[in-house]
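Visitor: So here's entry29.tsv, just TSV, C-alpha atoms and all ligand atoms:
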```tsv
chain	number	residue	atom	x	y	z
A	1	MET	CA	-12.65	-18.53	11.24
A	2	ILE	CA	-9.12	-17.80	10.02
A	3	LEU	CA	-8.19	-14.16	10.64
A	4	LEU	CA	-6.05	-12.59	7.93
A	5	ASN	CA	-6.68	-9.07	9.23
A	6	PRO	CA	-3.76	-7.35	11.02
A	7	GLY	CA	-4.94	-8.18	14.52
A	8	PRO	CA	-6.64	-9.29	16.57
A	9	VAL	CA	-5.31	-12.67	15.52
A	10	ASN	CA	-6.09	-16.32	15.95
A	11	VAL	CA	-4.45	-17.45	19.17
A	12	SER	CA	-3.32	-20.95	20.12
A	13	ASP	CA	-5.44	-23.14	22.41
A	14	ARG	CA	-2.72	-22.76	25.00
A	15	VAL	CA	-3.11	-18.96	25.04
A	16	ARG	CA	-6.92	-19.22	25.07
A	17	GLN	CA	-6.81	-21.68	27.99
A	18	ALA	CA	-4.64	-19.25	29.94
A	19	LEU	CA	-7.67	-16.95	30.26
A	20	LEU	CA	-9.23	-19.53	32.56
A	21	GLN	CA	-7.16	-18.87	35.67
A	22	PRO	CA	-8.61	-18.45	39.13
A	23	ASP	CA	-10.10	-15.02	39.87
A	24	ILE	CA	-7.53	-12.82	41.55
A	25	CYS	CA	-7.42	-9.34	43.00
A	26	HIS	CA	-4.93	-7.06	41.29
A	27	ARG	CA	-3.75	-5.78	44.70
A	28	GLU	CA	-2.52	-9.26	45.71
A	29	SER	CA	0.90	-10.85	45.30
A	30	GLU	CA	-0.37	-13.16	42.52
A	31	PHE	CA	-0.93	-10.16	40.29
A	32	SER	CA	2.46	-8.63	41.16
A	33	GLU	CA	4.09	-11.86	40.01
A	34	LEU	CA	2.12	-11.88	36.78
A	35	LEU	CA	3.02	-8.25	36.06
A	36	SER	CA	6.68	-8.80	36.83
A	37	ASP	CA	6.79	-11.90	34.57
A	38	ILE	CA	5.25	-10.00	31.66
A	39	ARG	CA	7.67	-7.09	32.06
A	40	LYS	CA	10.69	-9.43	32.18
A	41	LYS	CA	9.58	-11.51	29.21
A	42	LEU	CA	8.96	-8.42	27.07
A	43	LEU	CA	12.54	-7.27	27.66
A	44	GLN	CA	13.86	-10.78	27.02
A	45	ALA	CA	12.03	-10.90	23.69
A	46	PHE	CA	12.61	-7.37	22.40
A	47	VAL	CA	15.83	-6.05	23.95
A	48	PRO	CA	17.82	-9.28	24.33
A	49	GLY	CA	21.23	-8.64	25.87
A	50	GLU	CA	20.24	-5.12	26.89
A	51	ALA	CA	17.38	-5.83	29.25
A	52	ASP	CA	19.16	-3.89	32.03
A	53	GLU	CA	19.04	-0.71	29.97
A	54	TYR	CA	15.28	-0.83	29.45
A	55	THR	CA	12.05	-1.12	31.36
A	56	ALA	CA	8.65	-2.31	30.16
A	57	ILE	CA	5.48	-0.52	31.22
A	58	ILE	CA	2.18	-2.37	30.88
A	59	LEU	CA	-1.19	-0.71	30.32
A	60	THR	CA	-4.71	-1.96	29.90
A	61	GLY	CA	-5.96	-0.68	26.56
A	62	SER	CA	-5.40	-1.24	22.87
A	63	GLY	CA	-2.21	-0.33	21.02
A	64	THR	CA	-3.35	3.27	20.65
A	65	ALA	CA	-3.24	3.66	24.44
A	66	ALA	CA	0.45	2.70	24.47
A	67	VAL	CA	1.23	5.02	21.56
A	68	GLU	CA	-0.55	7.97	23.15
A	69	ALA	CA	0.99	7.33	26.56
A	70	ALA	CA	4.49	7.13	25.06
A	71	LEU	CA	4.08	10.30	23.02
A	72	LEU	CA	2.46	12.47	25.67
A	73	SER	CA	4.87	11.36	28.38
A	74	SER	CA	7.98	12.01	26.30
A	75	MET	CA	8.12	15.82	26.34
A	76	PRO	CA	9.53	18.16	28.96
A	77	LEU	CA	7.97	21.57	29.40
A	78	GLY	CA	8.72	23.82	26.41
A	79	LYS	CA	9.51	21.00	23.97
A	80	ARG	CA	7.48	19.79	21.00
A	81	ALA	CA	7.14	16.63	18.94
A	82	MET	CA	7.69	16.10	15.24
A	83	VAL	CA	5.91	13.24	13.51
A	84	ILE	CA	7.32	11.55	10.42
A	85	THR	CA	4.33	10.05	8.68
A	86	ASN	CA	3.62	7.98	5.60
A	87	GLY	CA	0.36	6.33	6.58
A	88	VAL	CA	-2.75	6.26	8.70
A	89	TYR	CA	-0.98	5.40	11.96
A	90	GLY	CA	1.62	8.13	11.57
A	91	ASP	CA	-1.22	10.58	10.93
A	92	ARG	CA	-2.91	9.33	14.08
A	93	MET	CA	0.17	10.25	16.15
A	94	SER	CA	0.15	13.66	14.55
A	95	SER	CA	-3.49	14.16	15.62
A	96	MET	CA	-2.61	13.18	19.20
A	97	ILE	CA	0.13	15.78	19.33
A	98	LYS	CA	-1.94	18.47	17.63
A	99	MET	CA	-4.76	17.99	20.12
A	100	HIS	CA	-2.32	19.20	22.78
A	101	ARG	CA	-0.86	21.91	20.50
A	102	LEU	CA	2.56	20.36	20.98
A	103	GLY	CA	3.46	19.73	17.36
A	104	VAL	CA	5.47	21.25	14.55
A	105	PRO	CA	4.58	20.61	10.88
A	106	ASP	CA	4.70	16.89	10.10
A	107	LEU	CA	7.29	15.41	7.81
A	108	LYS	CA	4.62	13.88	5.63
A	109	TYR	CA	5.22	11.42	2.79
A	110	ASP	CA	2.89	9.55	0.50
A	111	TRP	CA	1.88	6.09	1.60
A	112	GLY	CA	4.60	3.62	0.77
A	113	VAL	CA	7.27	6.31	0.31
A	114	ALA	CA	10.29	6.18	2.60
A	115	PRO	CA	11.09	9.36	4.57
A	116	ASP	CA	14.03	11.38	3.27
A	117	LEU	CA	16.92	11.19	5.75
A	118	ASP	CA	18.41	14.57	4.76
A	119	MET	CA	15.03	16.24	5.24
A	120	ILE	CA	14.82	14.83	8.76
A	121	GLU	CA	18.26	16.20	9.59
A	122	LEU	CA	17.33	19.59	8.17
A	123	ALA	CA	13.99	19.73	9.98
A	124	LEU	CA	15.72	18.98	13.29
A	125	LYS	CA	18.16	21.81	12.65
A	126	GLN	CA	15.28	24.17	11.87
A	127	HIS	CA	13.26	23.13	14.92
A	128	PRO	CA	15.37	23.23	18.08
A	129	GLU	CA	12.08	23.16	20.03
A	130	VAL	CA	11.52	19.55	18.93
A	131	GLY	CA	12.40	17.14	21.72
A	132	THR	CA	10.62	14.01	20.44
A	133	VAL	CA	10.58	12.54	16.95
A	134	ALA	CA	7.83	9.95	16.40
A	135	MET	CA	7.40	7.41	13.61
A	136	VAL	CA	5.67	4.12	12.88
A	137	HIS	CA	7.94	1.10	12.39
A	138	HIS	CA	5.64	-1.12	10.33
A	139	GLU	CA	3.02	1.12	8.66
A	140	THR	CA	0.05	-1.22	8.57
A	141	THR	CA	-1.70	1.04	6.02
A	142	LEU	CA	0.17	-0.77	3.22
A	143	GLY	CA	2.50	-3.16	5.04
A	144	PHE	CA	5.49	-0.84	4.64
A	145	ILE	CA	8.69	-1.15	6.67
A	146	ASN	CA	10.10	2.25	7.54
A	147	PRO	CA	13.92	2.65	7.71
A	148	THR	CA	13.69	2.84	11.48
A	149	LYS	CA	17.34	2.10	12.26
A	150	GLU	CA	18.69	4.81	9.94
A	151	ILE	CA	16.27	7.38	11.33
A	152	ALA	CA	17.01	6.36	14.93
A	153	GLU	CA	20.67	7.11	14.27
A	154	ILE	CA	19.94	10.62	12.96
A	155	VAL	CA	17.59	11.38	15.84
A	156	ASP	CA	20.15	10.17	18.36
A	157	GLN	CA	22.98	12.16	16.74
A	158	LYS	CA	20.82	15.27	17.03
A	159	ASN	CA	20.19	14.52	20.71
A	160	ARG	CA	16.47	14.06	20.36
A	161	VAL	CA	14.22	11.31	21.68
A	162	PHE	CA	12.95	8.75	19.17
A	163	MET	CA	9.50	7.32	19.86
A	164	VAL	CA	8.46	4.38	17.71
A	165	ASP	CA	5.00	2.89	17.20
A	166	SER	CA	5.71	-0.79	16.66
A	167	VAL	CA	2.21	-1.97	17.54
A	168	SER	CA	2.05	-4.07	14.38
A	169	GLY	CA	5.79	-4.75	14.22
A	170	LEU	CA	7.08	-6.25	17.46
A	171	GLY	CA	7.21	-10.03	17.20
A	172	GLY	CA	6.91	-9.98	13.42
A	173	GLU	CA	9.45	-7.51	12.10
A	174	ALA	CA	13.07	-6.97	13.20
A	175	LEU	CA	13.65	-3.90	15.35
A	176	ASP	CA	16.99	-3.29	17.05
A	177	ILE	CA	15.67	-1.21	19.94
A	178	GLY	CA	18.80	-1.40	22.10
A	179	GLY	CA	21.42	-1.13	19.35
A	180	SER	CA	19.68	1.86	17.78
A	181	LYS	CA	19.10	3.59	21.13
A	182	MET	CA	15.35	3.92	20.68
A	183	TYR	CA	13.89	5.65	23.71
A	184	LEU	CA	10.26	4.58	23.63
A	185	VAL	CA	8.68	1.76	21.65
A	186	ALA	CA	4.95	1.10	21.87
A	187	GLY	CA	3.48	-2.37	21.31
A	188	ALA	CA	0.38	-4.44	21.94
A	189	ALA	CA	-0.47	-8.04	22.78
A	190	GLN	CA	-2.96	-8.84	20.01
A	191	LYS	CA	-0.87	-8.76	16.86
A	192	CYS	CA	2.46	-10.50	16.21
A	193	ILE	CA	2.77	-11.51	19.89
A	194	GLN	CA	-0.38	-13.62	19.43
A	195	GLY	CA	-2.19	-12.61	22.61
A	196	PHE	CA	-5.62	-11.09	23.12
A	197	PRO	CA	-6.58	-7.42	22.72
A	198	GLY	CA	-6.62	-5.38	25.93
A	199	ALA	CA	-2.97	-5.37	26.98
A	200	ALA	CA	-0.47	-2.88	25.59
A	201	PHE	CA	3.01	-1.79	26.61
A	202	VAL	CA	5.81	0.69	26.13
A	203	ILE	CA	9.46	-0.34	26.25
A	204	VAL	CA	11.41	2.66	27.59
A	205	ARG	CA	15.12	3.34	28.00
A	206	LYS	CA	15.70	3.34	31.76
A	207	GLY	CA	17.83	6.48	31.98
A	208	PHE	CA	15.21	8.34	29.99
A	209	MET	CA	12.43	7.03	32.24
A	210	GLU	CA	14.08	8.87	35.12
A	211	SER	CA	13.66	12.11	33.12
A	212	VAL	CA	10.07	11.28	32.21
A	213	MET	CA	9.25	11.17	35.93
A	214	LYS	CA	9.89	14.94	36.04
A	215	TYR	CA	7.97	15.85	32.86
A	216	PRO	CA	4.49	17.40	32.87
A	217	LYS	CA	1.63	14.91	33.11
A	218	ARG	CA	-0.67	15.46	30.14
A	219	SER	CA	-3.16	12.67	30.73
A	220	TRP	CA	-4.56	11.08	33.84
A	221	TYR	CA	-4.82	7.53	32.52
A	222	LEU	CA	-2.12	7.56	29.86
A	223	ASN	CA	0.83	8.78	31.85
A	224	LEU	CA	3.91	6.58	31.88
A	225	ALA	CA	5.35	8.10	35.06
A	226	ASN	CA	2.39	6.94	37.15
A	227	TYR	CA	2.56	3.42	35.73
A	228	TYR	CA	6.31	3.18	36.20
A	229	GLU	CA	6.22	4.34	39.78
A	230	ASP	CA	3.54	1.81	40.69
A	231	GLN	CA	4.94	-1.06	38.63
A	232	GLU	CA	8.35	-0.74	40.26
A	233	ARG	CA	6.48	-1.45	43.51
A	234	GLY	CA	4.71	-4.46	41.95
A	235	THR	CA	1.38	-2.80	41.46
A	236	ILE	CA	-0.53	-0.84	38.81
A	237	PRO	CA	-2.47	2.44	39.06
A	238	PHE	CA	-5.77	1.23	37.52
A	239	THR	CA	-7.76	-2.01	37.37
A	240	PRO	CA	-5.97	-4.17	34.78
A	241	ALA	CA	-7.56	-6.69	32.38
A	242	VAL	CA	-6.28	-9.50	34.60
A	243	GLN	CA	-7.41	-12.45	32.46
A	244	VAL	CA	-5.99	-10.87	29.31
A	245	TYR	CA	-2.67	-10.46	31.14
A	246	TYR	CA	-2.57	-14.18	31.94
A	247	ALA	CA	-3.00	-14.92	28.26
A	248	PHE	CA	-0.40	-12.26	27.42
A	249	ARG	CA	2.17	-14.01	29.63
A	250	GLU	CA	1.39	-17.32	27.93
A	251	ALA	CA	1.71	-15.71	24.49
A	252	LEU	CA	5.11	-14.31	25.48
A	253	ASP	CA	6.21	-17.76	26.65
A	254	GLU	CA	5.08	-19.17	23.34
A	255	LEU	CA	7.00	-16.45	21.47
A	256	LEU	CA	10.19	-17.09	23.46
A	257	GLU	CA	9.88	-20.84	22.93
A	258	GLU	CA	9.36	-20.44	19.19
A	259	GLY	CA	12.18	-17.87	19.12
A	260	VAL	CA	11.59	-14.32	17.93
A	261	ALA	CA	13.74	-14.80	14.82
A	262	ASN	CA	11.95	-18.06	13.99
A	263	ARG	CA	8.64	-16.29	14.23
A	264	PHE	CA	9.84	-13.72	11.68
A	265	THR	CA	10.83	-16.61	9.41
A	266	ARG	CA	7.47	-18.34	9.84
A	267	PHE	CA	5.55	-15.17	8.98
A	268	GLN	CA	7.91	-14.40	6.09
A	269	GLY	CA	7.25	-17.89	4.69
A	270	TYR	CA	3.48	-17.34	4.79
A	271	ALA	CA	3.81	-13.89	3.19
A	272	SER	CA	5.98	-15.30	0.47
A	273	SER	CA	3.48	-18.11	-0.36
A	274	ILE	CA	0.66	-15.57	-0.51
A	275	ARG	CA	2.59	-13.16	-2.74
A	276	THR	CA	3.79	-15.85	-5.14
A	277	ARG	CA	0.34	-17.37	-5.61
A	278	MET	CA	-1.34	-13.96	-5.96
A	279	GLN	CA	1.11	-13.04	-8.69
A	280	GLU	CA	0.33	-16.31	-10.49
A	281	LEU	CA	-3.35	-15.38	-10.28
A	282	GLY	CA	-2.64	-11.94	-11.78
A	283	ILE	CA	-3.17	-10.02	-8.54
A	284	GLN	CA	-0.62	-7.22	-8.14
A	285	ALA	CA	0.92	-6.17	-4.84
A	286	VAL	CA	0.82	-2.42	-4.14
A	287	LEU	CA	4.40	-2.18	-2.84
A	288	PRO	CA	7.65	-3.44	-4.38
A	289	PRO	CA	9.14	-6.49	-2.63
A	290	GLU	CA	12.07	-4.65	-1.02
A	291	VAL	CA	9.84	-2.57	1.28
A	292	GLN	CA	7.18	-5.20	2.01
A	293	SER	CA	6.90	-6.44	5.56
A	294	ASN	CA	6.89	-10.05	6.78
A	295	THR	CA	3.38	-9.73	8.03
A	296	LEU	CA	0.97	-7.99	5.65
A	297	THR	CA	0.50	-7.46	1.92
A	298	ALA	CA	-1.68	-4.86	0.24
A	299	PHE	CA	-2.99	-5.98	-3.18
A	300	HIS	CA	-4.87	-4.13	-5.91
A	301	LEU	CA	-8.43	-5.44	-6.18
A	302	PRO	CA	-8.98	-7.67	-9.20
A	303	GLU	CA	-10.68	-5.80	-12.03
A	304	GLY	CA	-14.46	-5.75	-11.73
A	305	VAL	CA	-14.48	-7.28	-8.24
A	306	SER	CA	-15.50	-5.13	-5.29
A	307	TYR	CA	-13.91	-5.45	-1.87
A	308	GLU	CA	-17.30	-6.28	-0.36
A	309	HIS	CA	-17.83	-9.17	-2.75
A	310	LEU	CA	-14.35	-10.56	-2.17
A	311	HIS	CA	-14.65	-10.17	1.57
A	312	ASP	CA	-18.09	-11.78	1.81
A	313	GLU	CA	-17.22	-14.75	-0.39
A	314	LEU	CA	-14.01	-15.39	1.55
A	315	LYS	CA	-15.75	-14.98	4.87
A	316	HIS	CA	-18.28	-17.56	3.71
A	317	ALA	CA	-15.32	-19.89	3.07
A	318	GLY	CA	-13.92	-19.18	6.56
A	319	PHE	CA	-11.32	-16.45	5.94
A	320	ILE	CA	-11.31	-12.78	6.96
A	321	ILE	CA	-9.39	-10.33	4.77
A	322	TYR	CA	-9.07	-6.60	5.44
A	323	ALA	CA	-10.10	-3.48	3.54
A	324	GLY	CA	-7.87	-0.62	2.45
A	325	GLN	CA	-8.04	2.71	4.27
A	326	GLY	CA	-8.57	6.32	3.21
A	327	GLN	CA	-8.14	7.03	-0.47
A	328	LEU	CA	-7.43	3.35	-1.21
A	329	GLU	CA	-10.51	2.01	0.56
A	330	HIS	CA	-12.20	0.90	-2.68
A	331	LYS	CA	-9.04	0.05	-4.60
A	332	ILE	CA	-7.07	-2.40	-2.53
A	333	PHE	CA	-7.45	-5.26	-0.06
A	334	ARG	CA	-5.01	-6.38	2.60
A	335	VAL	CA	-3.98	-9.84	3.72
A	336	ALA	CA	-2.11	-10.19	6.99
A	337	ASN	CA	-0.38	-13.45	7.87
A	338	ILE	CA	0.12	-13.19	11.62
A	339	GLY	CA	-1.23	-15.24	14.49
A	340	ALA	CA	-1.30	-18.91	15.35
A	341	LEU	CA	-1.66	-19.89	11.69
A	342	THR	CA	-0.41	-22.97	9.92
A	343	LYS	CA	0.78	-23.53	6.37
A	344	GLU	CA	-2.50	-25.41	5.79
A	345	ASN	CA	-4.47	-22.28	6.77
A	346	ILE	CA	-2.55	-20.26	4.19
A	347	ASP	CA	-2.96	-22.93	1.49
A	348	GLY	CA	-6.68	-23.15	2.31
A	349	PHE	CA	-7.02	-19.39	1.95
A	350	LEU	CA	-5.24	-19.37	-1.40
A	351	LEU	CA	-7.52	-22.12	-2.74
A	352	ALA	CA	-10.62	-20.24	-1.53
A	353	PHE	CA	-9.26	-17.05	-3.10
A	354	GLN	CA	-8.66	-18.78	-6.42
A	355	SER	CA	-12.14	-20.23	-6.50
A	356	THR	CA	-13.73	-16.85	-5.60
A	357	LEU	CA	-11.75	-15.20	-8.35
A	358	GLU	CA	-12.66	-17.84	-10.95
A	359	LYS	CA	-16.36	-17.47	-10.13
A	360	ALA	CA	-16.14	-13.67	-10.30
A	361	ARG	CA	-14.29	-13.75	-13.64
A	362	LYS	CA	-16.84	-16.07	-15.31
B	1	LIG	C1	0.99	0.65	13.38
B	1	LIG	C2	-0.21	0.65	14.25
B	1	LIG	N1	-0.27	1.52	15.27
B	1	LIG	C3	-1.31	1.59	16.08
B	1	LIG	C4	-2.40	0.76	15.91
B	1	LIG	C5	-3.57	0.88	16.81
B	1	LIG	O1	-3.73	-0.26	17.55
B	1	LIG	P1	-5.11	-0.55	18.32
B	1	LIG	O2	-6.14	-0.75	17.27
B	1	LIG	O3	-4.77	-1.78	19.10
B	1	LIG	O4	-5.39	0.62	19.17
B	1	LIG	C6	-2.40	-0.16	14.85
B	1	LIG	C7	-3.54	-1.04	14.62
B	1	LIG	O5	-3.68	-1.71	13.63
B	1	LIG	C8	-1.28	-0.21	14.02
B	1	LIG	O6	-1.24	-1.08	13.01
```
Starting from the file, lay out its structure as structure tokens.
Ligand SMILES: Cc1ncc(COP(=O)(O)O)c(C=O)c1O
Guide:
Amino acid sequence: MILLNPGPVNVSDRVRQALLQPDICHRESEFSELLSDIRKKLLQAFVPGEADEYTAIILTGSGTAAVEAALLSSMPLGKRAMVITNGVYGDRMSSMIKMHRLGVPDLKYDWGVAPDLDMIELALKQHPEVGTVAMVHHETTLGFINPTKEIAEIVDQKNRVFMVDSVSGLGGEALDIGGSKMYLVAGAAQKCIQGFPGAAFVIVRKGFMESVMKYPKRSWYLNLANYYEDQERGTIPFTPAVQVYYAFREALDELLEEGVANRFTRFQGYASSIRTRMQELGIQAVLPPEVQSNTLTAFHLPEGVSYEHLHDELKHAGFIIYAGQGQLEHKIFRVANIGALTKENIDGFLLAFQSTLEKARK
């Protein structure tokens, strides 16, 4: 089955084979080595040239675990977080913060609408109690790239901490973590990195991590200070998904061998083939090209064709597409183009799509 949903993705045979390592105990030196390799490779891939300024913290869990750990660990006593949101995943961060009554009103925009930079500056002036500003890098809701660099600059000028959810971005979309002085960036293994679900991580600015160690602990499992303390000693506070970590290391090797920039180009090429052919078939993209990501496209459903029909026919042909969310659930469909895919996979999908459409239009 070819997965065109935004993760989990098809992995290479090499990554799949890496699951089949000897059984090890996570309190032994073999695991320490594995953990240390993963941490180093993450920094090599995502903060090249500035690896000394950052640390990578690995957790067992899905991307949401990394996002929640980063957010909840980022606030000293008496400070609050402000979420800039224009999609489902931004709203999710807002819910996390509200659950702890640590929020201020969100800076909320419609899906696919870029946040207003002046409004962010103003809101930070009005809310001196805000210590952390959180935003999604690639909003998977529509495949929208947020102006992360510009916002990072404002947040840094105002001496606040910028926390970025790049769960669906890292490995597929450019993000200058070091250059833009991002403090915390959450990611996961099972999307553009092409690993398996179960391993997630937060890349944290080292100087800031020292402060985090003194902040209140708001979760037992999802607390970055505990992980950092243990990981610096080569261990981990809880039982990790050991086999998934082996595959994660292999996926990182694969990413570094391909080259992070080359991976962007590969994904961009797939996205471009999909968009061009869809347009020829009369299928309209939801977002204008300038804000579309490299990795996912949201399309309006063809007239008279339900998502369920489209999905089931394509699944029958060997391809998984993805539904819209919230108010667009019955109006759009999404096609991601991440994972160990080939050009032939994309061409095969487009042929299957064309034939499904022709049958439905008859
Ligand atoms: C931007 C973004 N953040 C967070 C998540 C949550 O990740 P997970 O489902 O791995 O918890 C996703 C998942 O699609 C996502 O796209």
Visitor: Give me the residues near A:Ala174 as a PyMOL selection string, where near means some atom within 10 Å (using all atoms listed in the file) and where sequence neighbours in that chain fewer than 6 positions away do not count.
Guide: chain A and resi 46+137-138+145+148+260-261+264+293-294
Visitor: Write out as an MDAnalysis selection string the residues lying within 8 Å of A:Ala66, counting all atoms listed in the file and excluding same-chain residues fewer than 3 positions away.
Guide: chainID A and resid 59 61:63 69:70 186:188 200:202 222
Visitor: Could you pull out the residues sitting within 7 Å of ligand LIG 1 (chain B), using all atoms listed in the file, and write them as a PyMOL selection string?
Guide: chain A and resi 6-7+62-65+67+89+136+138-140+165-168+188+197
Visitor: Within 12 Å of A:Pro105, counting all atoms listed in the file, which residues show up once you throw out same-chain ones fewer than 2 positions away? Write them as a list in words, please.
Guide: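 Here the answer would be Arg80, Ala81, Met82, Val83, Ile84, Thr85, Asp91, Ser94, Ser95, Ile97, Lys98, Arg101, Leu102, Gly103, Leu107, Lys108, Ile120, Ala123, Leu124, Gln126, His127, Val130 and Val133 of chain A.
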Visitor: Would you please work out which residue, of A:Val9, A:Leu328, A:Ala360, A:Ala340, is nearest to A:Glu313 when using all atoms listed in the file?
Guide: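 Ranking A:Val9, A:Leu328, A:Ala360, A:Ala340 by distance to A:Glu313, first place goes to A:Ala360.
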Visitor: Mind listing whatever residues come within 12 Å of the point (-3.7, -11.3, 42.4)? Use all atoms listed in the file, file coordinates, and give them as number ranges by chain.
Guide: A: 21-35, 234-236, 239-243, 245-246
Visitor: Would you work out the distance separating atom CA of A:Lys206 from atom CA of A:Gln190, expressed in Å to one decimal?
Guide: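 Distance reported for this atom pair: 25.2 Å.
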Visitor: Return the single residue from A:Asp106, A:Thr60, A:Pro216, A:Leu42 that is closest to A:Leu170, with distances computed using only C-alpha atoms.
Guide: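 Counting only C-alpha atoms, the residue closest to A:Leu170 is A:Leu42.
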Visitor: Work out how far apart atom CA of A:Glu53 and atom CA of A:Leu184 are and give it in Å to one decimal.
Guide: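 Pair atom CA of A:Glu53 / atom CA of A:Leu184 returns 12.1 Å.
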Visitor: Hey, which of A:Leu4, A:Val11, A:Leu175, A:Ala134 ends up closest to A:Ile274? Count only C-alpha atoms.
Guide: A:Leu4
Visitor: Within 7 Å of (-2.5, -12.6, 26.5), in the coordinates the file gives, what residues turn up when you count only C-alpha atoms, written out as a list in words?
Guide: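 Returned residue set, sorted by chain then number, is Val15, Ala189, Gly195, Phe196, Val244, Tyr245, Tyr246, Ala247, Phe248, Arg249, Glu250 and Ala251 of chain A.
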Visitor: Check the smallest atom-to-atom distance from each of A:Ser36, A:Gln17, A:Gln194, A:Ser211 to A:Leu77 using all atoms listed in the file, then report the winner.
Guide: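 Using all atoms listed in the file, A:Leu77 sits closest to A:Ser211.
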Visitor: Quick one: distance from atom CA of A:Gly169 to atom CA of A:Ala317 in Å, one decimal?
Guide: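 Computing it gives 28.3 Å between the two atoms.
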Visitor: Leaving out A:Ser306 and any residue of its chain fewer than 6 positions from it, which residues lie within 12 Å of it when counting all atoms listed in the file, given as a list in words?
Guide: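 Residues meeting the cut-off are His300, Asp312, Glu313, Ala323, Gly324, Glu329, His330, Lys331, Ile332, Phe333, Thr356, Leu357 and Ala360 of chain A.
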Visitor: For A:Pro288, which residue out of A:Lys149, A:Lys214, A:Phe144, A:Ile338 is the nearest one, using all atoms listed in the file?
Guide: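 Nearest candidate to A:Pro288 out of A:Lys149, A:Lys214, A:Phe144, A:Ile338: A:Phe144.
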Visitor: Identify, on the basis of only C-alpha atoms, every residue whose closest approach to A:Gly207 does not exceed 12 Å; exclude the query and any residue fewer than 4 positions from it along the same chain; express the result as JSON, numbers by chain.
Guide: {"A": [52, 53, 54, 55, 161, 181, 182, 183, 184, 211, 212, 213]}
Visitor: Would you mind telling me which residue in A:Gly143, A:Gly112, A:Gly90, A:Pro237 lies nearest to A:Ile57 when using all atoms listed in the file?
Guide: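 For A:Ile57, the nearest of the given residues is A:Pro237.
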Visitor: May I ask you to restore N, CA and C atoms in stretch 170-184 of chain A and write the result as an mmCIF file, keeping the file's coordinate frame?
Guide:
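Contents of the output file out_0.cif:
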```
data_model
loop_
_atom_site.group_PDB
_atom_site.id
_atom_site.type_symbol
_atom_site.label_atom_id
_atom_site.label_comp_id
_atom_site.auth_asym_id
_atom_site.auth_seq_id
_atom_site.Cartn_x
_atom_site.Cartn_y
_atom_site.Cartn_z
ATOM 1 N N LEU A 170 6.370 -5.417 16.480
ATOM 2 C CA LEU A 170 7.080 -6.250 17.460
ATOM 3 C C LEU A 170 6.601 -7.699 17.438
ATOM 4 N N GLY A 171 7.533 -8.598 17.264
ATOM 5 C CA GLY A 171 7.210 -10.030 17.200
ATOM 6 C C GLY A 171 7.129 -10.518 15.762
ATOM 7 N N GLY A 172 7.025 -9.575 14.815
ATOM 8 C CA GLY A 172 6.910 -9.980 13.420
ATOM 9 C C GLY A 172 7.962 -9.372 12.506
ATOM 10 N N GLU A 173 8.498 -8.238 12.939
ATOM 11 C CA GLU A 173 9.450 -7.510 12.100
ATOM 12 C C GLU A 173 10.654 -7.156 12.969
ATOM 13 N N ALA A 174 11.865 -7.260 12.408
ATOM 14 C CA ALA A 174 13.070 -6.970 13.200
ATOM 15 C C ALA A 174 13.106 -5.505 13.620
ATOM 16 N N LEU A 175 13.485 -5.270 14.857
ATOM 17 C CA LEU A 175 13.650 -3.900 15.350
ATOM 18 C C LEU A 175 14.737 -3.935 16.416
ATOM 19 N N ASP A 176 15.852 -3.274 16.121
ATOM 20 C CA ASP A 176 16.990 -3.290 17.050
ATOM 21 C C ASP A 176 16.839 -2.116 18.027
ATOM 22 N N ILE A 177 15.999 -2.304 19.015
ATOM 23 C CA ILE A 177 15.670 -1.210 19.940
ATOM 24 C C ILE A 177 16.915 -0.759 20.705
ATOM 25 N N GLY A 178 17.634 -1.721 21.264
ATOM 26 C CA GLY A 178 18.800 -1.400 22.100
ATOM 27 C C GLY A 178 19.942 -0.839 21.268
ATOM 28 N N GLY A 179 20.283 -1.532 20.193
ATOM 29 C CA GLY A 179 21.420 -1.130 19.350
ATOM 30 C C GLY A 179 21.199 0.245 18.734
ATOM 31 N N SER A 180 19.950 0.571 18.436
ATOM 32 C CA SER A 180 19.680 1.860 17.780
ATOM 33 C C SER A 180 19.290 2.936 18.793
ATOM 34 N N LYS A 181 19.397 2.639 20.052
ATOM 35 C CA LYS A 181 19.100 3.590 21.130
ATOM 36 C C LYS A 181 17.713 4.228 20.971
ATOM 37 N N MET A 182 16.722 3.382 20.717
ATOM 38 C CA MET A 182 15.350 3.920 20.680
ATOM 39 C C MET A 182 14.913 4.157 22.118
ATOM 40 N N TYR A 183 14.251 5.264 22.347
ATOM 41 C CA TYR A 183 13.890 5.650 23.710
ATOM 42 C C TYR A 183 12.562 5.070 24.166
ATOM 43 N N LEU A 184 11.587 5.089 23.261
ATOM 44 C CA LEU A 184 10.260 4.580 23.630
ATOM 45 C C LEU A 184 9.698 3.794 22.456
#
```
